[in-house]
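A.B. asks: Sending over start.cif (mmCIF, C-alpha atoms).
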data_structure
#
loop_
_atom_site.label_atom_id
_atom_site.label_comp_id
_atom_site.auth_asym_id
_atom_site.auth_seq_id
_atom_site.Cartn_x
_atom_site.Cartn_y
_atom_site.Cartn_z
CA MET A 1 26.21 7.05 -0.99
CA PRO A 2 28.08 8.18 -4.13
CA GLN A 3 26.72 6.84 -7.38
CA ILE A 4 28.99 5.00 -9.78
CA GLU A 5 28.94 6.15 -13.41
CA GLU A 6 29.47 2.65 -14.80
CA PRO A 7 27.68 -0.51 -13.73
CA PRO A 8 29.97 -2.95 -11.93
CA SER A 9 31.40 -5.76 -14.01
CA HIS A 10 30.63 -9.32 -12.93
CA GLY A 11 32.50 -11.32 -15.53
CA LYS A 12 30.66 -11.18 -18.82
CA PHE A 13 28.98 -7.83 -19.41
CA PRO A 14 25.34 -8.75 -20.23
CA PHE A 15 25.00 -11.40 -17.53
CA GLY A 16 26.47 -9.16 -14.82
CA LEU A 17 24.17 -6.31 -15.75
CA VAL A 18 21.11 -8.55 -15.82
CA LYS A 19 22.13 -10.07 -12.48
CA ASP A 20 22.51 -6.62 -10.90
CA HIS A 21 19.08 -5.54 -12.14
CA LEU A 22 17.50 -8.78 -10.98
CA GLU A 23 19.05 -8.46 -7.49
CA LEU A 24 17.80 -4.88 -7.19
CA ALA A 25 14.33 -5.82 -8.42
CA LEU A 26 14.17 -8.71 -5.91
CA LEU A 27 15.24 -6.41 -3.08
CA GLU A 28 12.59 -3.88 -4.01
CA TRP A 29 10.03 -6.68 -4.41
CA GLY A 30 10.61 -7.60 -0.76
CA VAL A 31 10.00 -4.01 0.35
CA GLU A 32 6.90 -3.69 -1.83
CA LYS A 33 5.53 -7.03 -0.59
CA GLN A 34 5.95 -5.92 3.03
CA GLU A 35 4.29 -2.56 2.26
CA GLY A 36 1.47 -4.37 0.47
CA TRP A 37 0.76 -6.64 3.44
CA ARG A 38 0.87 -3.68 5.83
CA ARG A 39 -1.67 -1.79 3.73
CA LEU A 40 -3.84 -4.90 3.24
CA VAL A 41 -4.11 -5.52 7.00
CA ARG A 42 -4.91 -1.90 7.78
CA LEU A 43 -7.34 -1.50 4.91
CA GLY A 44 -8.97 -4.77 6.01
CA ALA A 45 -9.36 -3.44 9.55
CA GLY A 46 -10.94 -0.26 8.18
CA ALA A 47 -13.27 -2.25 5.95
CA ILE A 48 -14.38 -4.44 8.87
CA LEU A 49 -15.11 -1.35 10.98
CA LEU A 50 -17.08 0.25 8.13
CA PHE A 51 -19.06 -2.97 7.64
CA SER A 52 -19.76 -3.05 11.39
CA SER A 53 -21.14 0.50 11.18
CA PHE A 54 -23.45 -0.61 8.39
CA VAL A 55 -24.76 -3.51 10.48
CA TYR A 56 -25.37 -1.27 13.49
CA PHE A 57 -27.12 1.35 11.37
CA GLN A 58 -29.38 -1.36 10.01
CA LEU A 59 -30.12 -2.64 13.51
CA ALA A 60 -30.90 0.91 14.57
CA LEU A 61 -33.27 1.40 11.65
CA ILE A 62 -35.05 -1.93 12.23
CA GLY A 63 -35.35 -1.20 15.94
CA TRP A 64 -36.82 2.19 15.17
CA PHE A 65 -39.40 0.76 12.85
CA LEU A 66 -40.33 -2.09 15.19
CA ARG A 67 -40.53 -0.32 18.49
CA ARG A 68 -40.81 3.40 17.78
CA GLY A 69 -38.77 3.83 20.98
CA PHE A 70 -35.25 5.00 21.73
CA GLN A 71 -33.69 2.09 23.57
CA TRP A 72 -32.44 -0.27 20.84
CA GLU A 73 -32.08 2.22 18.04
CA GLY A 74 -30.24 4.67 20.29
CA ILE A 75 -27.70 1.98 21.11
CA GLY A 76 -27.47 0.93 17.45
CA PHE A 77 -27.04 4.53 16.32
CA ILE A 78 -24.33 5.26 18.89
CA LEU A 79 -22.43 2.07 18.00
CA GLY A 80 -22.91 2.69 14.28
CA VAL A 81 -21.50 6.22 14.55
CA PHE A 82 -18.59 4.94 16.65
CA TYR A 83 -17.64 2.14 14.22
CA PHE A 84 -18.16 4.37 11.19
CA ALA A 85 -15.89 7.06 12.62
CA SER A 86 -13.34 4.42 13.65
CA GLY A 87 -13.32 2.87 10.17
CA VAL A 88 -12.94 6.23 8.42
CA LEU A 89 -10.13 7.17 10.81
CA VAL A 90 -8.26 3.89 10.20
CA LEU A 91 -8.59 4.23 6.43
CA TRP A 92 -7.56 7.88 6.46
CA LEU A 93 -4.55 7.46 8.76
CA PHE A 94 -3.20 4.07 7.74
CA GLY A 95 -4.50 3.42 4.23
CA LYS A 96 -1.86 5.61 2.57
CA ARG A 97 1.58 4.58 1.41
CA GLN A 98 4.29 5.36 3.96
CA GLU A 99 5.88 8.75 3.49
CA GLY A 100 9.42 8.72 2.19
CA LEU A 101 9.16 5.41 0.33
CA GLY A 102 8.75 6.99 -3.09
CA PRO A 103 7.09 5.24 -6.00
CA PRO A 104 7.30 1.44 -6.28
CA PHE A 105 10.51 0.09 -7.83
CA GLN A 106 12.04 3.55 -7.95
CA GLY A 107 15.60 2.24 -7.57
CA SER A 108 15.21 -0.45 -10.23
CA LEU A 109 13.84 2.02 -12.75
CA ALA A 110 16.61 4.51 -12.03
CA GLU A 111 19.28 1.81 -12.39
CA LEU A 112 17.71 0.54 -15.60
CA LYS A 113 17.69 4.05 -17.09
CA ARG A 114 21.29 4.57 -15.98
CA SER A 115 22.34 1.27 -17.53
CA PHE A 116 20.63 2.14 -20.82
CA ARG A 117 22.40 5.50 -20.87
CA TRP A 118 25.71 3.71 -20.23
CA ILE A 119 25.00 1.19 -23.03
CA GLU A 120 24.07 3.97 -25.47
CA LYS A 121 27.18 5.93 -24.58
CA ARG A 122 29.50 2.94 -24.98
CA PHE A 123 28.00 1.12 -27.96
CA PHE A 124 25.96 3.61 -30.02
#
As structure tokens, what does this structure read like?

C.D. replies:
Amino acid sequence: MPQIEEPPSHGKFPFGLVKDHLELALLEWGVEKQEGWRRLVRLGAGAILLFSSFVYFQLALIGWFLRRGFQWEGIGFILGVFYFASGVLVLWLFGKRQEGLGPPFQGSLAELKRSFRWIEKRFF
């Protein structure tokens, strides 16, 4: 999409410019909100799995101390390792920001800088 050198005019200059920046910021807010919820759900799932591994490791340790056998603690250790590995995998794979999105509010900041350059060029 070709970029326009001058911001579009919507009637009076300052109000049109502010309206354009507000619309862009609101659009980017929607994208950032969706990205935030996506990360929150996935990070929450990872945190639950990591907490589950902690519980199973504790059960394994208690079972080992109480029984000095391998039945309960073996099961607890196997489940603890499984949930720990699952939680780390979820956090590692899905806890990052999606590739290609760029930094938050990238478009708004670029438009704001472009508008300031335009204002400086025209009025100063």

A.B. asks: Using all atoms listed in the file, which residues sit within 9 Å of Phe94 in chain A once same-chain residues fewer than 2 positions away are excluded, as number ranges by chain?

C.D. replies: A: 38-39, 42-43, 46, 89-92, 96-98

A.B. asks: For range 18-93 of chain A versus range 106-122 of chain A, which residues have an atom no more than 9 Å away, and what is each residue's nearest atom pair and distance in Å rounded to one decimal, using all atoms listed in the file, chain-then-number order, as a Markdown table?

C.D. replies:
| residue | atom | partner | partner_atom | distance |
| --- | --- | --- | --- | --- |
| A:His21 | CA | A:Ser108 | CA | 6.7 |
| A:Leu22 | CA | A:Ser108 | CA | 8.7 |
| A:Leu24 | CA | A:Ser108 | CA | 6.0 |
| A:Ala25 | CA | A:Ser108 | CA | 5.7 |
| A:Glu28 | CA | A:Ser108 | CA | 7.6 |

A.B. asks: Give me, as a VMD selection string, all polymer residues having an atom no more than 12 Å from Ile48 in chain A, counting all atoms listed in the file and skipping those fewer than 6 positions away in the same chain.

C.D. replies: chain A and resid 40 to 42 54 to 55 83 to 84 86 to 88 90 to 91

A.B. asks: One number please: CA of Ala60 in chain A to CA of Gly74 in chain A, in Å, one decimal.

C.D. replies: 6.9 Å

A.B. asks: Quick check, in Å to one decimal: how far apart do CA of Lys33 in chain A and CA of Pro103 in chain A lie?

C.D. replies: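 Separating CA of Lys33 in chain A from CA of Pro103 in chain A is a distance of 13.5 Å.
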
A.B. asks: Find the residue from A:Phe82, A:Trp37, A:Phe77, A:Trp29 that sits nearest to Leu49 in chain A; use all atoms listed in the file when measuring.

C.D. replies: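 Of all the options, A:Phe82 lies closest to Leu49 in chain A.
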
A.B. asks: Would you work out the distance separating CA of Ser53 in chain A from CA of Arg67 in chain A, expressed in Å to one decimal?

C.D. replies: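 For CA of Ser53 in chain A relative to CA of Arg67 in chain A, the distance reads 20.7 Å.
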